[in-house]
Every structure is written in C-alpha cells, then in structure tokens.
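S.K.: Got data.txt for you, compact mmCIF, C-alpha atoms and all ligand atoms:
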# COMPACT_ATOMS: atom_id res chain seq x y z
CA MET I 1 -16.37 -266.00 -147.74
CA ILE I 2 -20.14 -265.47 -147.61
CA SER I 3 -21.97 -262.30 -148.64
CA LEU I 4 -23.85 -260.47 -145.89
CA LYS I 5 -26.17 -258.70 -148.32
CA ASN I 6 -29.72 -258.73 -146.88
CA TYR I 7 -28.46 -260.20 -143.60
CA ILE I 8 -29.93 -258.65 -140.46
CA VAL I 9 -27.32 -257.98 -137.79
CA LEU I 10 -28.23 -256.91 -134.25
CA ILE I 11 -25.39 -255.12 -132.44
CA THR I 12 -25.71 -254.30 -128.75
CA GLY I 13 -23.57 -251.43 -127.50
CA ALA I 14 -23.52 -249.90 -130.99
CA SER I 15 -23.13 -246.33 -129.70
CA SER I 16 -19.38 -246.46 -129.11
CA GLY I 17 -16.06 -248.27 -129.55
CA ILE I 18 -16.09 -251.82 -130.88
CA GLY I 19 -19.87 -251.86 -131.41
CA ALA I 20 -19.85 -248.64 -133.46
CA ALA I 21 -16.86 -249.82 -135.53
CA SER I 22 -18.56 -253.18 -136.12
CA ALA I 23 -21.71 -251.41 -137.31
CA ARG I 24 -19.63 -249.59 -139.92
CA ALA I 25 -17.82 -252.80 -140.97
CA PHE I 26 -21.07 -254.76 -141.33
CA ALA I 27 -22.71 -251.86 -143.22
CA ALA I 28 -19.75 -251.74 -145.61
CA ALA I 29 -20.31 -255.47 -146.19
CA GLY I 30 -23.94 -254.78 -147.14
CA ALA I 31 -25.75 -256.00 -144.01
CA ASP I 32 -28.87 -254.34 -142.62
CA LEU I 33 -28.38 -253.29 -139.02
CA ILE I 34 -30.26 -253.02 -135.76
CA LEU I 35 -28.19 -250.66 -133.62
CA ALA I 36 -28.98 -250.98 -129.91
CA ALA I 37 -27.73 -248.93 -126.95
CA ARG I 38 -28.94 -246.57 -124.23
CA ARG I 39 -27.55 -243.37 -125.81
CA VAL I 40 -30.21 -243.07 -128.47
CA GLU I 41 -28.95 -239.87 -130.08
CA ARG I 42 -25.68 -241.60 -130.96
CA ILE I 43 -27.27 -244.64 -132.56
CA GLU I 44 -29.78 -242.48 -134.43
CA ALA I 45 -26.93 -240.46 -135.89
CA ALA I 46 -24.99 -243.62 -136.80
CA ALA I 47 -28.10 -245.19 -138.33
CA SER I 48 -28.65 -242.19 -140.65
CA GLN I 49 -24.96 -241.96 -141.53
CA LEU I 50 -24.60 -245.65 -142.42
CA ARG I 51 -27.85 -245.64 -144.38
CA ALA I 52 -26.66 -242.69 -146.45
CA GLU I 53 -23.09 -243.93 -146.90
CA PHE I 54 -23.67 -247.62 -147.65
CA GLY I 55 -27.31 -247.79 -148.80
CA VAL I 56 -28.22 -250.36 -146.13
CA GLU I 57 -31.32 -250.38 -143.92
CA THR I 58 -30.81 -249.44 -140.28
CA LEU I 59 -33.00 -249.52 -137.17
CA PRO I 60 -31.85 -247.61 -134.08
CA LEU I 61 -33.17 -249.25 -130.93
CA ALA I 62 -33.14 -247.78 -127.42
CA LEU I 63 -32.16 -250.72 -125.25
CA ASP I 64 -30.74 -251.17 -121.77
CA VAL I 65 -29.58 -254.78 -121.68
CA THR I 66 -29.72 -254.85 -117.87
CA GLN I 67 -33.55 -254.59 -117.94
CA PRO I 68 -35.00 -258.07 -118.59
CA ASN I 69 -38.58 -256.88 -119.19
CA GLN I 70 -37.44 -254.16 -121.58
CA VAL I 71 -35.19 -256.61 -123.47
CA ALA I 72 -38.01 -259.14 -123.84
CA GLN I 73 -40.53 -256.47 -124.82
CA VAL I 74 -38.34 -254.59 -127.33
CA LEU I 75 -36.65 -257.59 -128.94
CA GLY I 76 -39.85 -259.66 -128.86
CA ASN I 77 -41.72 -257.00 -130.83
CA LEU I 78 -39.31 -255.98 -133.56
CA PRO I 79 -41.02 -254.59 -136.69
CA GLY I 80 -41.75 -257.55 -139.03
CA ARG I 81 -38.87 -257.29 -141.52
CA TRP I 82 -36.37 -256.94 -138.64
CA ALA I 83 -37.41 -260.00 -136.65
CA PRO I 84 -35.40 -262.73 -138.45
CA ILE I 85 -31.99 -261.77 -137.09
CA ASP I 86 -29.10 -263.58 -138.78
CA ILE I 87 -26.22 -262.36 -136.61
CA LEU I 88 -26.35 -261.30 -132.97
CA LEU I 89 -23.27 -259.38 -131.80
CA ASN I 90 -23.38 -259.41 -128.00
CA ASN I 91 -20.99 -256.51 -127.48
CA ALA I 92 -22.58 -254.28 -124.80
CA GLY I 93 -20.35 -254.38 -121.76
CA LEU I 94 -18.33 -252.36 -119.32
CA SER I 95 -15.82 -252.38 -116.54
CA ARG I 96 -16.12 -250.29 -113.40
CA GLY I 97 -13.16 -249.62 -111.15
CA LEU I 98 -9.86 -251.37 -110.62
CA ASP I 99 -10.05 -251.77 -106.84
CA LYS I 100 -8.81 -254.72 -104.89
CA LEU I 101 -11.71 -257.07 -104.26
CA GLN I 102 -11.67 -256.40 -100.52
CA GLU I 103 -12.03 -252.67 -101.26
CA GLY I 104 -14.50 -252.97 -104.17
CA GLN I 105 -17.65 -250.92 -104.64
CA LEU I 106 -20.86 -252.97 -104.62
CA GLN I 107 -22.47 -250.69 -107.20
CA ASP I 108 -19.55 -251.32 -109.60
CA TRP I 109 -19.95 -255.07 -109.16
CA GLU I 110 -23.71 -254.92 -109.75
CA GLU I 111 -23.27 -252.93 -112.96
CA MET I 112 -20.64 -255.25 -114.41
CA ILE I 113 -22.52 -258.44 -113.56
CA ASP I 114 -25.88 -257.01 -114.69
CA THR I 115 -24.47 -255.80 -118.02
CA ASN I 116 -21.77 -258.27 -119.02
CA VAL I 117 -23.39 -261.47 -117.79
CA LYS I 118 -27.11 -261.01 -117.20
CA GLY I 119 -27.57 -258.55 -120.08
CA LEU I 120 -25.87 -260.92 -122.51
CA LEU I 121 -28.11 -263.73 -121.25
CA TYR I 122 -31.32 -261.71 -121.59
CA VAL I 123 -30.52 -260.68 -125.17
CA THR I 124 -29.42 -264.17 -126.16
CA ARG I 125 -32.59 -265.68 -124.65
CA ALA I 126 -34.71 -263.25 -126.67
CA ILE I 127 -33.00 -263.83 -130.03
CA VAL I 128 -31.78 -267.43 -130.21
CA PRO I 129 -35.19 -269.20 -130.24
CA GLY I 130 -35.97 -267.47 -133.57
CA MET I 131 -32.64 -268.64 -134.95
CA VAL I 132 -33.44 -272.19 -133.85
CA ALA I 133 -36.87 -272.02 -135.54
CA ARG I 134 -35.22 -270.81 -138.77
CA GLY I 135 -32.35 -273.29 -138.50
CA ARG I 136 -29.73 -270.60 -139.08
CA GLY I 137 -27.90 -267.85 -137.28
CA HIS I 138 -24.65 -266.74 -135.70
CA VAL I 139 -24.10 -265.48 -132.16
CA ILE I 140 -20.84 -263.58 -131.66
CA ASN I 141 -19.99 -262.70 -128.08
CA ILE I 142 -17.37 -260.13 -127.21
CA GLY I 143 -15.32 -261.66 -124.43
CA SER I 144 -11.88 -260.40 -123.46
CA ILE I 145 -8.37 -261.44 -122.55
CA ALA I 146 -9.89 -260.84 -119.10
CA GLY I 147 -11.93 -263.99 -119.75
CA HIS I 148 -8.74 -266.03 -119.99
CA GLU I 149 -6.46 -264.32 -117.48
CA ILE I 150 -6.77 -262.42 -114.22
CA TYR I 151 -4.90 -259.20 -113.42
CA PRO I 152 -4.58 -257.09 -110.26
CA GLY I 153 -7.82 -255.24 -109.54
CA GLY I 154 -9.57 -257.06 -112.40
CA ASN I 155 -11.46 -259.40 -110.02
CA VAL I 156 -15.16 -258.89 -110.87
CA TYR I 157 -14.62 -257.68 -114.45
CA CYS I 158 -12.45 -260.76 -115.08
CA ALA I 159 -15.12 -262.95 -113.47
CA THR I 160 -17.78 -261.54 -115.81
CA LYS I 161 -15.61 -262.15 -118.88
CA HIS I 162 -14.77 -265.66 -117.68
CA ALA I 163 -18.56 -266.09 -117.42
CA VAL I 164 -18.95 -264.89 -121.02
CA ASP I 165 -16.40 -267.53 -122.07
CA VAL I 166 -18.34 -270.24 -120.23
CA LEU I 167 -21.67 -269.07 -121.68
CA THR I 168 -20.24 -269.03 -125.21
CA ARG I 169 -19.04 -272.61 -124.83
CA ALA I 170 -22.28 -273.67 -123.14
CA LEU I 171 -24.45 -272.15 -125.87
CA ARG I 172 -22.38 -273.93 -128.53
CA ILE I 173 -23.09 -277.23 -126.80
CA ASP I 174 -26.80 -276.49 -126.34
CA LEU I 175 -27.14 -275.49 -130.00
CA VAL I 176 -25.13 -278.26 -131.60
CA GLY I 177 -27.02 -279.60 -134.63
CA ALA I 178 -29.25 -276.52 -134.84
CA GLY I 179 -27.25 -274.96 -137.69
CA ILE I 180 -26.24 -271.98 -135.58
CA ARG I 181 -22.69 -270.77 -135.11
CA VAL I 182 -21.47 -269.46 -131.76
CA SER I 183 -18.21 -267.52 -131.63
CA SER I 184 -16.25 -265.44 -129.17
CA VAL I 185 -13.92 -262.59 -130.07
CA ASP I 186 -11.66 -261.76 -127.14
CA PRO I 187 -9.54 -258.63 -127.43
CA GLY I 188 -6.75 -257.30 -125.28
CA MET I 189 -6.25 -253.56 -124.98
CA VAL I 190 -8.45 -251.56 -127.38
CA GLU I 191 -8.62 -247.78 -127.21
CA THR I 192 -12.31 -246.91 -126.82
CA GLU I 193 -14.39 -245.28 -124.08
CA PHE I 194 -13.80 -248.46 -122.04
CA SER I 195 -11.22 -246.94 -119.65
CA LEU I 196 -13.15 -243.68 -119.33
CA VAL I 197 -16.14 -245.75 -118.19
CA ARG I 198 -13.96 -247.96 -115.98
CA PHE I 199 -12.59 -244.89 -114.18
CA HIS I 200 -15.98 -243.17 -113.90
CA GLY I 201 -15.14 -240.37 -116.35
CA ASP I 202 -11.56 -239.67 -115.14
CA ALA I 203 -10.06 -238.82 -118.55
CA GLU I 204 -6.51 -238.37 -117.26
CA ARG I 205 -6.43 -241.83 -115.70
CA ALA I 206 -8.08 -243.35 -118.77
CA LYS I 207 -5.47 -241.82 -121.09
CA LYS I 208 -2.62 -243.35 -119.08
CA VAL I 209 -3.84 -246.88 -119.90
CA TYR I 210 -2.81 -246.35 -123.54
CA GLN I 211 0.35 -244.31 -122.93
CA GLY I 212 3.54 -245.47 -124.67
CA ILE I 213 1.81 -248.32 -126.44
CA GLN I 214 -0.02 -248.75 -129.71
CA PRO I 215 -3.24 -250.45 -128.64
CA LEU I 216 -5.77 -252.11 -130.92
CA THR I 217 -8.32 -249.82 -132.52
CA PRO I 218 -12.03 -250.67 -132.50
CA GLU I 219 -11.68 -251.08 -136.28
CA ASP I 220 -9.07 -253.83 -135.77
CA VAL I 221 -11.55 -255.77 -133.66
CA ALA I 222 -14.45 -255.08 -136.03
CA ASP I 223 -12.33 -256.52 -138.84
CA ALA I 224 -11.85 -259.74 -136.83
CA ILE I 225 -15.57 -259.93 -136.04
CA LEU I 226 -16.48 -259.46 -139.70
CA TRP I 227 -14.00 -262.17 -140.68
CA CYS I 228 -15.66 -264.62 -138.26
CA ALA I 229 -19.08 -263.71 -139.67
CA THR I 230 -18.09 -264.22 -143.29
CA ARG I 231 -16.59 -267.73 -143.09
CA PRO I 232 -18.49 -270.41 -145.03
CA PRO I 233 -21.50 -271.73 -143.06
CA HIS I 234 -19.78 -275.02 -142.12
CA VAL I 235 -16.89 -273.12 -140.48
CA ASN I 236 -17.30 -271.80 -136.95
CA ILE I 237 -14.55 -269.69 -135.39
CA GLN I 238 -14.98 -270.76 -131.78
CA ASP I 239 -12.69 -268.28 -130.10
CA MET I 240 -10.35 -265.60 -131.33
CA ILE I 241 -7.93 -263.84 -128.99
CA ILE I 242 -6.70 -260.61 -130.53
CA MET I 243 -4.05 -258.42 -128.95
CA ALA I 244 -1.85 -255.47 -129.83
CA THR I 245 1.61 -256.59 -130.94
CA ALA I 246 3.08 -254.74 -127.96
CA GLN I 247 0.84 -256.67 -125.52
CA ALA I 248 1.90 -260.23 -124.69
CA SER I 249 -0.65 -260.99 -121.98
CA ALA I 250 -3.12 -259.21 -119.73
CA THR I 251 -0.23 -258.09 -117.53
CA VAL I 252 2.77 -257.90 -119.90
CA ALA I 253 2.99 -255.01 -122.34
CA HIS I 254 5.91 -253.10 -123.81
CA ARG I 255 5.66 -249.34 -123.30
CA LYS I 256 8.05 -246.88 -124.94
P1 LIG I 301 -17.17 -248.55 -125.01
O1 LIG I 301 -17.35 -248.00 -123.65
O2 LIG I 301 -16.60 -247.66 -126.06
O3 LIG I 301 -18.56 -249.15 -125.54
C1 LIG I 301 -19.39 -249.90 -124.71
C2 LIG I 301 -20.76 -250.03 -125.35
O4 LIG I 301 -21.59 -250.82 -124.48
C3 LIG I 301 -21.43 -248.69 -125.54
O5 LIG I 301 -22.03 -248.64 -126.81
C4 LIG I 301 -22.51 -248.68 -124.47
O6 LIG I 301 -23.68 -247.99 -124.94
C5 LIG I 301 -22.83 -250.17 -124.35
N1 LIG I 301 -23.49 -250.49 -123.09
C6 LIG I 301 -22.98 -250.41 -121.84
N2 LIG I 301 -23.92 -250.71 -120.93
C7 LIG I 301 -25.06 -250.98 -121.63
C8 LIG I 301 -26.38 -251.32 -121.27
N3 LIG I 301 -26.75 -251.46 -119.98
N4 LIG I 301 -27.29 -251.53 -122.24
C9 LIG I 301 -26.94 -251.37 -123.54
N5 LIG I 301 -25.72 -251.04 -123.96
C10 LIG I 301 -24.79 -250.83 -123.00
O7 LIG I 301 -16.25 -249.84 -124.83
P2 LIG I 301 -15.77 -250.98 -125.84
O8 LIG I 301 -16.21 -250.73 -127.21
O9 LIG I 301 -14.33 -251.17 -125.58
O10 LIG I 301 -16.54 -252.24 -125.23
C11 LIG I 301 -17.31 -253.13 -126.00
C12 LIG I 301 -17.12 -254.54 -125.47
O11 LIG I 301 -15.75 -254.91 -125.64
C13 LIG I 301 -17.41 -254.71 -123.98
O12 LIG I 301 -18.09 -255.93 -123.80
C14 LIG I 301 -16.02 -254.77 -123.36
O13 LIG I 301 -16.03 -255.49 -122.15
C15 LIG I 301 -15.27 -255.49 -124.45
N6 LIG I 301 -13.83 -255.38 -124.44
C16 LIG I 301 -13.20 -254.16 -124.49
C17 LIG I 301 -11.82 -254.09 -124.51
C18 LIG I 301 -11.09 -252.80 -124.47
O14 LIG I 301 -9.88 -252.78 -124.14
N7 LIG I 301 -11.70 -251.68 -124.86
C19 LIG I 301 -11.00 -255.31 -124.54
C20 LIG I 301 -11.76 -256.54 -124.46
C21 LIG I 301 -13.11 -256.56 -124.43
P3 LIG I 301 -24.58 -246.98 -124.08
O15 LIG I 301 -23.72 -246.45 -122.97
O16 LIG I 301 -25.00 -245.95 -125.08
O17 LIG I 301 -25.72 -247.82 -123.61
C1 LIG I 302 -10.69 -255.30 -121.68
C2 LIG I 302 -9.28 -255.77 -121.66
O1 LIG I 302 -7.34 -256.25 -120.09
O2 LIG I 302 -8.40 -254.04 -119.98
O3 LIG I 302 -11.55 -256.38 -121.54
O4 LIG I 302 -9.49 -255.98 -119.08
S1 LIG I 302 -8.61 -255.50 -120.13
Kindly transcribe the structure held in the file into structure tokens.

M.R.:
Amino acid sequence: MISLKNYIVLITGASSGIGAASARAFAAAGADLILAARRVERIEAAASQLRAEFGVETLPLALDVTQPNQVAQVLGNLPGRWAPIDILLNNAGLSRGLDKLQEGQLQDWEEMIDTNVKGLLYVTRAIVPGMVARGRGHVINIGSIAGHEIYPGGNVYCATKHAVDVLTRALRIDLVGAGIRVSSVDPGMVETEFSLVRFHGDAERAKKVYQGIQPLTPEDVADAILWCATRPPHVNIQDMIIMATAQASATVAHRK
C-alpha cells in the first residue's frame, strides 16, 4: 500500500454521491484535493470541511466538463502547486431518462454523451500530458455495470458507459510504458442523487429504484477507488466491478 500524503488528486463531480465520498476518503488518506463540479457552493463547503477535519489542502474548482474551452482554460491554468496532478478521478457523469430508444428525448441523449463521454475526454486530454511529462500518474474512470450490460431503457446511458470502458482500455494501450496507471471502477446500484437526476427531479420515482434492496453506498465505492489508488506502483487494477450483494446483474436483483 502506498501513502497518498502530498499527492494531488483531481475529482470531477465532487459535489455529490461517489465523488463527494471519494473526496472524503482521499482526504482521510492525506491527499490534497482539487474538487471540481458545477455546484460551487457544495464544493466550497466540502473543501473547507475536509481542510478543517483532515488538515489537507483543498482547491474548489467551478467546472462544467461539457465545455471544452472552459476545461482547457481552467485545467490548463491551475495555480502552480496544484498543476502536477497525481490522480485524476473521472467521476462526473449522469443518466437522463429511461425511455425506449425510439421514444427518447434528444436533449437527454446530448447531456449524457456530452458529460459521460466528451467531458471525460476533455478532462483527460487536459491532464494526461502533464502526467506523461512527469512519468507518473493514475487515471481512474468511473464506468458502470451499464458499461458491461444493457438493460431496458438504458440504451444511450449504457452506450456512454460502454464508451467509457473502451476509452479506459484505449488509454491504457496509448500510455503503456509511460509509468501511468489507468483503472476503471464500475459499480452497480449505488444510492446517490443519480436516480433523482435520471428522473429529472422526480423524488418518488427515484426512491423506488432502491426500494426493498440494500444498495451500495457512495462510501463503499470510494473505498474501492481508494484501494485501487493505494496499490504499489507496479500494480494496476484494470477494472473492478462492484455490486450490492442483492444485485446479481444489471437486471437481476433480489427485493424484499
Ligand atoms: P450524483 O448525481 O450523486 O453525482 C454526479 C456528480 O457529477 C455530481 O457531483 C455532479 O456535479 C457531477 N456532474 C454532472 N454533470 C457535470 C458536468 N457537466 N460538469 C461537472 N460535473 C458534473 O451521482 P453518482 O455519484 O452516482 O455518479 C457519479 C458517477 O458514478 C457517474 O459517472 C455515474 O454514471 C456513475 N455511476 C453511478 C451509479 C449509481 O448507481 N449511482 C452506478 C454506476 C456508475 P454538479 O451537478 O455539481 O456539476
Ligand atoms: C448506474 C448503474 O444500472 O443504474 O450506472 O445504470 S445502472
């Protein structure tokens, strides 16, 4: 296990769910954190809290990963001590809707593709060249069971997570020999704001997703991410699928 003391970790989507839990896990492990998201008030509050609680340095960063110019500008001009990022956690992502493809909303498709695929690419493009120059680094992408399976109504969301899987594997090939690790952590059902976002704020419908089942918590996933990040440098966890015990596959779950 390696120590993350003085490591700089950039987390996208740090304002909620898996990203917020990962921020706490990395802070507890002594890493300094760049917390990026659109909801600035949340990441500012988390940045102060983690600084006070764990004595680490934190930098809240307003960032919309769907905006290529903004991503290049903000990540290309990080304050000096923050520039040499050791770990990039590409976590920002969302699902919108659960419609059959033939009934899907174009706006939902655009948002998922722009965030989950293009956003991940823009951020990766901005950060990885520095890792290459330094000969060290770790990119951890948050994929999903939806990147391995397809379920009814999952169409475009599943396509974006399959794309994340392909991009993780492609980056590993392109970076081989550069001393940089590339991992994917792919959860099943995790109770976060994910379903609330998927159903456009319909809290009743979102709650039903987790009814009668004990889903993963964001902390469970953060624990897995931290474990990947703290393996010895010659060990790369390529892909980790993590599911609730009561969930056997994307479509098979036991509900009480
Ligand atoms: P949440 O909705 O709780 O968190 C999503 C995060 O992504 C928020 O911090 C949000 O921040 C951020 N985000 C969304 N769009 C953008 C954007 N354009 N720019 C910057 N940040 C953005 O959901 P989860 O924590 O569950 O989701 C995190 C990741 O985990 C996603 O990639 C999701 O696909 C994946 N995942 C989730 C599973 C689940 O069951 N919950 C299972 C498998 C994978 P803000 O809105 O402030 O910008
Ligand atoms: C989130 C998991 O199965 O709800 O990526 O799509 S699932």

S.K.: Quick one: 8 Å padding each side, axis-aligned, all listed atoms of ligand LIG 302 (chain I) - centre and edge lengths in Å to one decimal, as AutoDock Vina command-line options?

M.R.:
--center_x -9.4 --center_y -255.2 --center_z -120.4 --size_x 20.2 --size_y 18.3 --size_z 18.6

S.K.: When you count all atoms listed in the file, which of these residues is closest to I:Ala36: I:Val235, I:Tyr7, I:Val182, I:Ala92?

M.R.: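 When distances to I:Ala36 are compared using all atoms listed in the file, the smallest one comes from I:Ala92.
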
S.K.: Fewer than 3 positions away in the same chain doesn't count, so skip those; otherwise give me all residues within 10 Å of I:Ser184, counting all atoms listed in the file, as number ranges by chain.

M.R.: I: 89-90, 139-144, 164-165, 167-169, 187, 225, 228, 237-241

S.K.: My list of candidates is I:Ala46, I:Trp109, I:Gln70, I:Leu33. Which is closest to I:Ala83 when distances are computed with all atoms listed in the file?

M.R.: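 Closest candidate: I:Leu33.
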
S.K.: Taking all atoms listed in the file and a cut-off of 6 Å, can you tell me which residues surround ligand LIG 302 (chain I), written as a list in words?

M.R.: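 Based on all atoms listed in the file, ligand LIG 302 (chain I) is surrounded within 6 Å by Ser144, Ile145, Ala146, Gly188, Met189 and Ala250 of chain I.
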
S.K.: Output the neighbourhood of ligand LIG 301 (chain I) as a ChimeraX atom specification, that is, all protein and nucleic acid residues with some atom at most 6 Å from the ligand, counting only C-alpha atoms and all ligand atoms.

M.R.: /I:12-19,37-39,63-66,91-94,115,142-144,186-194

S.K.: Between I:Arg125, I:Arg134, I:His200, I:Arg172, which is the closest to I:Asn69 once you count only C-alpha atoms?

M.R.: I:Arg125

S.K.: Counting all atoms listed in the file, figure out which residue out of I:Thr251, I:Arg81, I:Arg181, I:Gly104 gets nearest to I:Gly137.

M.R.: I:Arg181

S.K.: Excluding same-chain residues fewer than 4 positions from I:Ile213, what lies within 7 Å of it counting all atoms listed in the file, as a ChimeraX atom specification?

M.R.: /I:246,254-256

S.K.: Could the residues in this selection be written to a file with C-alpha atoms, as a short mmCIF file (atom, residue, chain, number, x, y, z; two decimals), keeping the file's coordinate frame?

M.R.:
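Wrote part_22.cif, looks like this:
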data_model
loop_
_atom_site.label_atom_id
_atom_site.label_comp_id
_atom_site.auth_asym_id
_atom_site.auth_seq_id
_atom_site.Cartn_x
_atom_site.Cartn_y
_atom_site.Cartn_z
CA ALA I 246 3.08 -254.74 -127.96
CA HIS I 254 5.91 -253.10 -123.81
CA ARG I 255 5.66 -249.34 -123.30
CA LYS I 256 8.05 -246.88 -124.94
#

S.K.: For the atom pair atom CA of I:Met112 and atom CA of I:Arg96, what is the interatomic distance in Å to one decimal place?

M.R.: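 The value is 6.8 Å.
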
S.K.: Quick check, in Å to one decimal: how far apart do atom CA of I:Gln67 and atom CA of I:Lys161 lie?

M.R.: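 Taking atom CA of I:Gln67 as the start and atom CA of I:Lys161 as the end point, the length is 19.5 Å.
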
S.K.: With distances taken over only C-alpha atoms, which of I:Val185, I:Met131, I:Leu121, I:Ala29 is nearest to I:Ala170?

M.R.: I:Leu121

S.K.: What is the atom CA of I:Val209-atom CA of I:Leu35 distance in Å, reported with one decimal?

M.R.: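 Between these atoms lies a distance of 28.2 Å.
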
S.K.: Out of I:Asn116, I:Gly154, I:Ser183, I:Leu10, which residue has the shortest atom-to-atom distance to I:Leu101 when counting all atoms listed in the file?

M.R.: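 Ranking I:Asn116, I:Gly154, I:Ser183, I:Leu10 by distance to I:Leu101, first place goes to I:Gly154.
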
S.K.: Because the input lacks atoms here, generate all heavy atoms for stretch 98-107 of chain I and report them as a short mmCIF file (atom, residue, chain, number, x, y, z; two decimals), keeping the file's coordinate frame.

M.R.:
data_model
loop_
_atom_site.label_atom_id
_atom_site.label_comp_id
_atom_site.auth_asym_id
_atom_site.auth_seq_id
_atom_site.Cartn_x
_atom_site.Cartn_y
_atom_site.Cartn_z
N LEU I 98 -11.01 -250.47 -110.59
CA LEU I 98 -9.86 -251.37 -110.62
C LEU I 98 -9.39 -251.57 -109.17
O LEU I 98 -8.21 -251.63 -108.88
CB LEU I 98 -8.76 -250.75 -111.50
CG LEU I 98 -7.68 -251.64 -112.09
CD1 LEU I 98 -8.26 -252.79 -112.91
CD2 LEU I 98 -6.75 -250.81 -112.98
N ASP I 99 -10.37 -251.64 -108.27
CA ASP I 99 -10.05 -251.77 -106.84
C ASP I 99 -9.74 -253.21 -106.50
O ASP I 99 -10.24 -254.14 -107.15
CB ASP I 99 -11.27 -251.34 -106.00
CG ASP I 99 -11.67 -249.90 -106.28
OD1 ASP I 99 -10.77 -249.06 -106.40
OD2 ASP I 99 -12.90 -249.64 -106.38
N LYS I 100 -8.96 -253.37 -105.44
CA LYS I 100 -8.81 -254.72 -104.89
C LYS I 100 -10.19 -255.21 -104.47
O LYS I 100 -11.03 -254.40 -104.04
CB LYS I 100 -7.90 -254.68 -103.67
CG LYS I 100 -6.44 -254.36 -103.99
CD LYS I 100 -5.65 -254.34 -102.68
CE LYS I 100 -4.25 -253.74 -102.85
NZ LYS I 100 -3.36 -254.53 -103.68
N LEU I 101 -10.37 -256.52 -104.55
CA LEU I 101 -11.71 -257.07 -104.26
C LEU I 101 -12.19 -256.66 -102.87
O LEU I 101 -13.35 -256.24 -102.69
CB LEU I 101 -11.67 -258.59 -104.40
CG LEU I 101 -13.03 -259.28 -104.48
CD1 LEU I 101 -12.94 -260.54 -105.34
CD2 LEU I 101 -13.60 -259.63 -103.14
N GLN I 102 -11.27 -256.70 -101.89
CA GLN I 102 -11.67 -256.40 -100.52
C GLN I 102 -12.00 -254.92 -100.31
O GLN I 102 -12.52 -254.54 -99.27
CB GLN I 102 -10.58 -256.85 -99.53
CG GLN I 102 -9.24 -256.14 -99.64
CD GLN I 102 -8.30 -256.75 -100.67
OE1 GLN I 102 -8.74 -257.44 -101.58
NE2 GLN I 102 -7.01 -256.51 -100.53
N GLU I 103 -11.71 -254.10 -101.35
CA GLU I 103 -12.03 -252.67 -101.26
C GLU I 103 -13.06 -252.25 -102.32
O GLU I 103 -13.32 -251.07 -102.52
CB GLU I 103 -10.74 -251.84 -101.45
CG GLU I 103 -9.74 -252.06 -100.32
CD GLU I 103 -8.31 -251.61 -100.69
OE1 GLU I 103 -8.11 -251.06 -101.79
OE2 GLU I 103 -7.42 -251.84 -99.85
N GLY I 104 -13.63 -253.24 -103.02
CA GLY I 104 -14.50 -252.97 -104.17
C GLY I 104 -15.81 -252.29 -103.80
O GLY I 104 -16.28 -252.37 -102.67
N GLN I 105 -16.38 -251.61 -104.81
CA GLN I 105 -17.65 -250.92 -104.64
C GLN I 105 -18.78 -251.83 -105.12
O GLN I 105 -18.76 -252.28 -106.27
CB GLN I 105 -17.67 -249.63 -105.47
CG GLN I 105 -16.52 -248.68 -105.17
CD GLN I 105 -16.56 -248.17 -103.74
OE1 GLN I 105 -17.62 -247.80 -103.24
NE2 GLN I 105 -15.41 -248.19 -103.06
N LEU I 106 -19.75 -252.06 -104.27
CA LEU I 106 -20.86 -252.97 -104.62
C LEU I 106 -21.58 -252.52 -105.89
O LEU I 106 -21.96 -253.35 -106.73
CB LEU I 106 -21.85 -253.08 -103.46
CG LEU I 106 -21.55 -254.21 -102.46
CD1 LEU I 106 -20.19 -254.09 -101.82
CD2 LEU I 106 -22.64 -254.32 -101.40
N GLN I 107 -21.75 -251.21 -106.03
CA GLN I 107 -22.47 -250.69 -107.20
C GLN I 107 -21.72 -251.03 -108.50
O GLN I 107 -22.32 -251.39 -109.51
CB GLN I 107 -22.66 -249.17 -107.05
CG GLN I 107 -23.38 -248.50 -108.21
CD GLN I 107 -24.75 -249.10 -108.49
OE1 GLN I 107 -25.45 -249.54 -107.56
NE2 GLN I 107 -25.13 -249.16 -109.76
#
